[in-house]
Amino acid sequence: MKVTLDTQAKSLLIIADIQFDQFEHFAEPLAQSLDCRVIERHWGADRHQWLLEFEGTLLQLNYEFYGDICWLSVEREQDVEVLEYLVTLLESHS
């Protein structure tokens with residue numbers, strides 16, 4: 001897995017081998033390794049979107065099938081530091 005932080009977009013790009021039809025096999029261990037709680041799970045024809053919570057901060061975990069792109073994002077500028085911390089966790093697990 002490779003991760004890239006984009007502070008301007010308030011997102012963390014995740015490059016990994018993800019199967020759309022088995023997204024939960026990727027997302028559940030990811031959430032668990034980051035010590036996140038899964039709040040909601042939504043999916044459609046070409047996208048998964050999960051709402052996660054990490055120590056009071058809400059995160060969106062997204063995966064788009066056609067672009068084969070996965071990312072974590074936050075809404076608030078002050079929450080970007082949470083993404084910075086999560087990068088260190090993901091890099092230590094890879």
# chains A, B, ... in the order shown; residues from 1 in each chain; ligands from 1
>>> residues_around(residues="segment 7-16 of chain A", least_positions_apart="5", cutoff="10 Å", atoms="only C-alpha atoms", output="list in words")
Met1, Lys2, Phe26, Leu59, Gln60, Leu61, Asn62, Tyr63, Asp68, Ile69, Cys70, Trp71, Leu72, Ser73, Val74, Glu75, Arg76, Glu77, Gln78, Asp79, Val80, Glu81, Leu83, Glu84, Leu86, Val87 and Leu90 of chain A
>>> write_last_selection(atoms="C-alpha atoms", output="short mmCIF file (atom, residue, chain, number, x, y, z; two decimals), in the first residue's frame")
data_model
loop_
_atom_site.label_atom_id
_atom_site.label_comp_id
_atom_site.auth_asym_id
_atom_site.auth_seq_id
_atom_site.Cartn_x
_atom_site.Cartn_y
_atom_site.Cartn_z
CA MET A 1 0.00 0.00 0.00
CA LYS A 2 1.22 3.49 -0.85
CA PHE A 26 -9.94 -3.93 2.35
CA LEU A 59 -13.36 10.86 8.03
CA GLN A 60 -14.78 9.85 4.67
CA LEU A 61 -13.31 6.69 3.14
CA ASN A 62 -14.07 6.65 -0.58
CA TYR A 63 -13.36 4.23 -3.40
CA ASP A 68 -9.57 2.75 -9.25
CA ILE A 69 -8.97 5.47 -6.68
CA CYS A 70 -9.27 5.32 -2.90
CA TRP A 71 -8.93 8.15 -0.43
CA LEU A 72 -9.60 9.33 3.09
CA SER A 73 -10.78 12.91 3.49
CA VAL A 74 -11.82 15.39 6.14
CA GLU A 75 -14.15 18.36 5.85
CA ARG A 76 -12.50 20.81 8.23
CA GLU A 77 -9.09 22.41 7.68
CA GLN A 78 -8.09 21.81 11.31
CA ASP A 79 -8.61 18.05 10.83
CA VAL A 80 -5.81 17.79 8.24
CA GLU A 81 -3.42 17.13 11.14
CA LEU A 83 -4.62 12.81 8.21
CA GLU A 84 -0.95 13.67 8.80
CA LEU A 86 -2.79 8.59 9.94
CA VAL A 87 -0.06 8.68 7.27
CA LEU A 90 -0.21 3.53 7.55
#
>>> select_by_dssp(residues="segment 18-61 of chain A", states="strand (DSSP E)", output="count of residues only")
20
>>> select_by_dssp(residues="segment 48-86 of chain A", states="alpha helix (DSSP H)", output="MDAnalysis selection string")
chainID A and resid 80:86
>>> write_last_selection(atoms="N, CA, C and O atoms", output="PDB file, in the first residue's frame")
ATOM      1  N   VAL A  80      -6.882  18.287   9.112  1.00  0.00           N
ATOM      2  CA  VAL A  80      -5.814  17.786   8.240  1.00  0.00           C
ATOM      3  C   VAL A  80      -4.693  17.171   9.078  1.00  0.00           C
ATOM      4  O   VAL A  80      -4.067  16.194   8.675  1.00  0.00           O
ATOM      5  N   GLU A  81      -4.470  17.702  10.276  1.00  0.00           N
ATOM      6  CA  GLU A  81      -3.424  17.133  11.139  1.00  0.00           C
ATOM      7  C   GLU A  81      -3.736  15.686  11.511  1.00  0.00           C
ATOM      8  O   GLU A  81      -2.819  14.899  11.738  1.00  0.00           O
ATOM      9  N   VAL A  82      -5.006  15.321  11.541  1.00  0.00           N
ATOM     10  CA  VAL A  82      -5.373  13.919  11.786  1.00  0.00           C
ATOM     11  C   VAL A  82      -4.904  13.063  10.613  1.00  0.00           C
ATOM     12  O   VAL A  82      -4.346  11.983  10.803  1.00  0.00           O
ATOM     13  N   LEU A  83      -5.106  13.552   9.386  1.00  0.00           N
ATOM     14  CA  LEU A  83      -4.620  12.812   8.214  1.00  0.00           C
ATOM     15  C   LEU A  83      -3.107  12.674   8.256  1.00  0.00           C
ATOM     16  O   LEU A  83      -2.563  11.625   7.897  1.00  0.00           O
ATOM     17  N   GLU A  84      -2.413  13.729   8.695  1.00  0.00           N
ATOM     18  CA  GLU A  84      -0.954  13.666   8.804  1.00  0.00           C
ATOM     19  C   GLU A  84      -0.547  12.553   9.775  1.00  0.00           C
ATOM     20  O   GLU A  84       0.403  11.812   9.518  1.00  0.00           O
ATOM     21  N   TYR A  85      -1.264  12.439  10.862  1.00  0.00           N
ATOM     22  CA  TYR A  85      -0.981  11.377  11.829  1.00  0.00           C
ATOM     23  C   TYR A  85      -1.296  10.001  11.236  1.00  0.00           C
ATOM     24  O   TYR A  85      -0.518   9.048  11.409  1.00  0.00           O
ATOM     25  N   LEU A  86      -2.405   9.882  10.525  1.00  0.00           N
ATOM     26  CA  LEU A  86      -2.790   8.593   9.940  1.00  0.00           C
ATOM     27  C   LEU A  86      -1.771   8.125   8.912  1.00  0.00           C
ATOM     28  O   LEU A  86      -1.568   6.919   8.749  1.00  0.00           O
TER      29      LEU A  86
END
>>> closest_residue(among="A:Glu53, A:Gln32, A:Arg41, A:Phe20", to="Leu89 of chain A", atoms="only C-alpha atoms")
A:Gln32
>>> decode(residues="segment 57-73 of chain A", atoms="all heavy atoms", output="PDB file, in the first residue's frame")
ATOM      1  N   THR A  57     -12.840  12.790  15.287  1.00  0.00           N
ATOM      2  CA  THR A  57     -12.768  13.387  13.953  1.00  0.00           C
ATOM      3  C   THR A  57     -13.477  12.488  12.944  1.00  0.00           C
ATOM      4  O   THR A  57     -13.228  11.285  12.905  1.00  0.00           O
ATOM      5  CB  THR A  57     -11.296  13.569  13.515  1.00  0.00           C
ATOM      6  OG1 THR A  57     -10.637  14.427  14.446  1.00  0.00           O
ATOM      7  CG2 THR A  57     -11.199  14.166  12.122  1.00  0.00           C
ATOM      8  N   LEU A  58     -14.357  13.085  12.134  1.00  0.00           N
ATOM      9  CA  LEU A  58     -15.054  12.337  11.097  1.00  0.00           C
ATOM     10  C   LEU A  58     -14.208  12.288   9.834  1.00  0.00           C
ATOM     11  O   LEU A  58     -13.652  13.298   9.403  1.00  0.00           O
ATOM     12  CB  LEU A  58     -16.405  12.964  10.795  1.00  0.00           C
ATOM     13  CG  LEU A  58     -17.411  12.925  11.937  1.00  0.00           C
ATOM     14  CD1 LEU A  58     -18.702  13.632  11.522  1.00  0.00           C
ATOM     15  CD2 LEU A  58     -17.698  11.497  12.367  1.00  0.00           C
ATOM     16  N   LEU A  59     -14.120  11.099   9.258  1.00  0.00           N
ATOM     17  CA  LEU A  59     -13.360  10.864   8.031  1.00  0.00           C
ATOM     18  C   LEU A  59     -14.271  10.198   7.009  1.00  0.00           C
ATOM     19  O   LEU A  59     -15.096   9.353   7.367  1.00  0.00           O
ATOM     20  CB  LEU A  59     -12.184   9.930   8.297  1.00  0.00           C
ATOM     21  CG  LEU A  59     -11.202  10.312   9.384  1.00  0.00           C
ATOM     22  CD1 LEU A  59     -10.427   9.088   9.832  1.00  0.00           C
ATOM     23  CD2 LEU A  59     -10.259  11.357   8.861  1.00  0.00           C
ATOM     24  N   GLN A  60     -14.091  10.536   5.754  1.00  0.00           N
ATOM     25  CA  GLN A  60     -14.779   9.850   4.669  1.00  0.00           C
ATOM     26  C   GLN A  60     -13.770   8.925   3.995  1.00  0.00           C
ATOM     27  O   GLN A  60     -12.697   9.373   3.575  1.00  0.00           O
ATOM     28  CB  GLN A  60     -15.301  10.844   3.627  1.00  0.00           C
ATOM     29  CG  GLN A  60     -16.402  11.730   4.114  1.00  0.00           C
ATOM     30  CD  GLN A  60     -17.736  10.992   4.190  1.00  0.00           C
ATOM     31  OE1 GLN A  60     -17.950   9.975   3.528  1.00  0.00           O
ATOM     32  NE2 GLN A  60     -18.629  11.509   5.003  1.00  0.00           N
ATOM     33  N   LEU A  61     -14.106   7.650   3.894  1.00  0.00           N
ATOM     34  CA  LEU A  61     -13.308   6.694   3.138  1.00  0.00           C
ATOM     35  C   LEU A  61     -14.059   6.428   1.847  1.00  0.00           C
ATOM     36  O   LEU A  61     -15.212   5.988   1.873  1.00  0.00           O
ATOM     37  CB  LEU A  61     -13.113   5.389   3.919  1.00  0.00           C
ATOM     38  CG  LEU A  61     -12.401   4.259   3.181  1.00  0.00           C
ATOM     39  CD1 LEU A  61     -10.981   4.672   2.782  1.00  0.00           C
ATOM     40  CD2 LEU A  61     -12.386   2.998   4.017  1.00  0.00           C
ATOM     41  N   ASN A  62     -13.437   6.773   0.730  1.00  0.00           N
ATOM     42  CA  ASN A  62     -14.074   6.648  -0.579  1.00  0.00           C
ATOM     43  C   ASN A  62     -13.283   5.723  -1.480  1.00  0.00           C
ATOM     44  O   ASN A  62     -12.054   5.690  -1.418  1.00  0.00           O
ATOM     45  CB  ASN A  62     -14.136   8.021  -1.270  1.00  0.00           C
ATOM     46  CG  ASN A  62     -14.996   9.000  -0.531  1.00  0.00           C
ATOM     47  OD1 ASN A  62     -16.199   8.985  -0.668  1.00  0.00           O
ATOM     48  ND2 ASN A  62     -14.380   9.864   0.268  1.00  0.00           N
ATOM     49  N   TYR A  63     -14.006   5.016  -2.347  1.00  0.00           N
ATOM     50  CA  TYR A  63     -13.364   4.229  -3.401  1.00  0.00           C
ATOM     51  C   TYR A  63     -14.240   4.320  -4.645  1.00  0.00           C
ATOM     52  O   TYR A  63     -15.439   4.037  -4.587  1.00  0.00           O
ATOM     53  CB  TYR A  63     -13.185   2.761  -3.008  1.00  0.00           C
ATOM     54  CG  TYR A  63     -12.597   1.944  -4.123  1.00  0.00           C
ATOM     55  CD1 TYR A  63     -11.269   2.127  -4.504  1.00  0.00           C
ATOM     56  CD2 TYR A  63     -13.353   1.036  -4.833  1.00  0.00           C
ATOM     57  CE1 TYR A  63     -10.722   1.409  -5.551  1.00  0.00           C
ATOM     58  CE2 TYR A  63     -12.818   0.306  -5.881  1.00  0.00           C
ATOM     59  CZ  TYR A  63     -11.500   0.497  -6.240  1.00  0.00           C
ATOM     60  OH  TYR A  63     -10.968  -0.212  -7.284  1.00  0.00           O
ATOM     61  N   GLU A  64     -13.629   4.757  -5.746  1.00  0.00           N
ATOM     62  CA  GLU A  64     -14.332   4.832  -7.028  1.00  0.00           C
ATOM     63  C   GLU A  64     -13.787   3.758  -7.950  1.00  0.00           C
ATOM     64  O   GLU A  64     -12.587   3.697  -8.206  1.00  0.00           O
ATOM     65  CB  GLU A  64     -14.174   6.209  -7.659  1.00  0.00           C
ATOM     66  CG  GLU A  64     -14.946   7.270  -6.928  1.00  0.00           C
ATOM     67  CD  GLU A  64     -14.910   8.618  -7.635  1.00  0.00           C
ATOM     68  OE1 GLU A  64     -14.278   8.736  -8.702  1.00  0.00           O
ATOM     69  OE2 GLU A  64     -15.525   9.547  -7.100  1.00  0.00           O
ATOM     70  N   PHE A  65     -14.695   2.934  -8.456  1.00  0.00           N
ATOM     71  CA  PHE A  65     -14.343   1.791  -9.296  1.00  0.00           C
ATOM     72  C   PHE A  65     -13.684   2.217 -10.607  1.00  0.00           C
ATOM     73  O   PHE A  65     -12.625   1.723 -10.964  1.00  0.00           O
ATOM     74  CB  PHE A  65     -15.595   0.955  -9.581  1.00  0.00           C
ATOM     75  CG  PHE A  65     -15.378  -0.150 -10.560  1.00  0.00           C
ATOM     76  CD1 PHE A  65     -14.671  -1.271 -10.205  1.00  0.00           C
ATOM     77  CD2 PHE A  65     -15.887  -0.066 -11.847  1.00  0.00           C
ATOM     78  CE1 PHE A  65     -14.459  -2.300 -11.118  1.00  0.00           C
ATOM     79  CE2 PHE A  65     -15.692  -1.079 -12.761  1.00  0.00           C
ATOM     80  CZ  PHE A  65     -14.977  -2.200 -12.397  1.00  0.00           C
ATOM     81  N   TYR A  66     -14.301   3.142 -11.339  1.00  0.00           N
ATOM     82  CA  TYR A  66     -13.818   3.471 -12.684  1.00  0.00           C
ATOM     83  C   TYR A  66     -12.440   4.127 -12.669  1.00  0.00           C
ATOM     84  O   TYR A  66     -11.635   3.906 -13.565  1.00  0.00           O
ATOM     85  CB  TYR A  66     -14.828   4.335 -13.428  1.00  0.00           C
ATOM     86  CG  TYR A  66     -16.085   3.569 -13.752  1.00  0.00           C
ATOM     87  CD1 TYR A  66     -17.287   3.877 -13.138  1.00  0.00           C
ATOM     88  CD2 TYR A  66     -16.060   2.497 -14.646  1.00  0.00           C
ATOM     89  CE1 TYR A  66     -18.432   3.148 -13.411  1.00  0.00           C
ATOM     90  CE2 TYR A  66     -17.199   1.761 -14.925  1.00  0.00           C
ATOM     91  CZ  TYR A  66     -18.381   2.099 -14.309  1.00  0.00           C
ATOM     92  OH  TYR A  66     -19.510   1.380 -14.571  1.00  0.00           O
ATOM     93  N   GLY A  67     -12.158   4.898 -11.662  1.00  0.00           N
ATOM     94  CA  GLY A  67     -10.843   5.511 -11.558  1.00  0.00           C
ATOM     95  C   GLY A  67      -9.870   4.680 -10.758  1.00  0.00           C
ATOM     96  O   GLY A  67      -8.687   5.010 -10.679  1.00  0.00           O
ATOM     97  N   ASP A  68     -10.364   3.591 -10.143  1.00  0.00           N
ATOM     98  CA  ASP A  68      -9.572   2.746  -9.253  1.00  0.00           C
ATOM     99  C   ASP A  68      -8.803   3.621  -8.262  1.00  0.00           C
ATOM    100  O   ASP A  68      -7.589   3.529  -8.126  1.00  0.00           O
ATOM    101  CB  ASP A  68      -8.618   1.857 -10.042  1.00  0.00           C
ATOM    102  CG  ASP A  68      -7.964   0.789  -9.161  1.00  0.00           C
ATOM    103  OD1 ASP A  68      -8.550   0.425  -8.116  1.00  0.00           O
ATOM    104  OD2 ASP A  68      -6.856   0.340  -9.508  1.00  0.00           O
ATOM    105  N   ILE A  69      -9.555   4.504  -7.588  1.00  0.00           N
ATOM    106  CA  ILE A  69      -8.968   5.467  -6.678  1.00  0.00           C
ATOM    107  C   ILE A  69      -9.627   5.372  -5.306  1.00  0.00           C
ATOM    108  O   ILE A  69     -10.844   5.238  -5.203  1.00  0.00           O
ATOM    109  CB  ILE A  69      -9.053   6.894  -7.252  1.00  0.00           C
ATOM    110  CG1 ILE A  69      -8.327   7.881  -6.361  1.00  0.00           C
ATOM    111  CG2 ILE A  69     -10.478   7.309  -7.491  1.00  0.00           C
ATOM    112  CD1 ILE A  69      -8.134   9.236  -7.014  1.00  0.00           C
ATOM    113  N   CYS A  70      -8.802   5.412  -4.278  1.00  0.00           N
ATOM    114  CA  CYS A  70      -9.271   5.315  -2.899  1.00  0.00           C
ATOM    115  C   CYS A  70      -8.655   6.461  -2.109  1.00  0.00           C
ATOM    116  O   CYS A  70      -7.481   6.783  -2.288  1.00  0.00           O
ATOM    117  CB  CYS A  70      -8.849   3.970  -2.301  1.00  0.00           C
ATOM    118  SG  CYS A  70      -9.447   3.682  -0.627  1.00  0.00           S
ATOM    119  N   TRP A  71      -9.455   7.072  -1.242  1.00  0.00           N
ATOM    120  CA  TRP A  71      -8.927   8.155  -0.435  1.00  0.00           C
ATOM    121  C   TRP A  71      -9.710   8.345   0.850  1.00  0.00           C
ATOM    122  O   TRP A  71     -10.866   7.995   0.943  1.00  0.00           O
ATOM    123  CB  TRP A  71      -8.882   9.465  -1.223  1.00  0.00           C
ATOM    124  CG  TRP A  71     -10.227  10.079  -1.507  1.00  0.00           C
ATOM    125  CD1 TRP A  71     -10.838  11.078  -0.798  1.00  0.00           C
ATOM    126  CD2 TRP A  71     -11.126   9.760  -2.569  1.00  0.00           C
ATOM    127  NE1 TRP A  71     -12.057  11.392  -1.354  1.00  0.00           N
ATOM    128  CE2 TRP A  71     -12.262  10.600  -2.449  1.00  0.00           C
ATOM    129  CE3 TRP A  71     -11.092   8.842  -3.625  1.00  0.00           C
ATOM    130  CZ2 TRP A  71     -13.336  10.543  -3.319  1.00  0.00           C
ATOM    131  CZ3 TRP A  71     -12.179   8.798  -4.493  1.00  0.00           C
ATOM    132  CH2 TRP A  71     -13.267   9.637  -4.339  1.00  0.00           C
ATOM    133  N   LEU A  72      -9.006   8.880   1.835  1.00  0.00           N
ATOM    134  CA  LEU A  72      -9.596   9.326   3.091  1.00  0.00           C
ATOM    135  C   LEU A  72      -9.623  10.844   3.037  1.00  0.00           C
ATOM    136  O   LEU A  72      -8.656  11.469   2.586  1.00  0.00           O
ATOM    137  CB  LEU A  72      -8.717   8.925   4.280  1.00  0.00           C
ATOM    138  CG  LEU A  72      -8.868   7.539   4.852  1.00  0.00           C
ATOM    139  CD1 LEU A  72      -7.734   7.267   5.836  1.00  0.00           C
ATOM    140  CD2 LEU A  72     -10.200   7.390   5.549  1.00  0.00           C
ATOM    141  N   SER A  73     -10.710  11.449   3.498  1.00  0.00           N
ATOM    142  CA  SER A  73     -10.775  12.906   3.488  1.00  0.00           C
ATOM    143  C   SER A  73     -11.456  13.422   4.744  1.00  0.00           C
ATOM    144  O   SER A  73     -12.182  12.693   5.428  1.00  0.00           O
ATOM    145  CB  SER A  73     -11.512  13.408   2.244  1.00  0.00           C
ATOM    146  OG  SER A  73     -12.847  12.958   2.242  1.00  0.00           O
TER     147      SER A  73
END
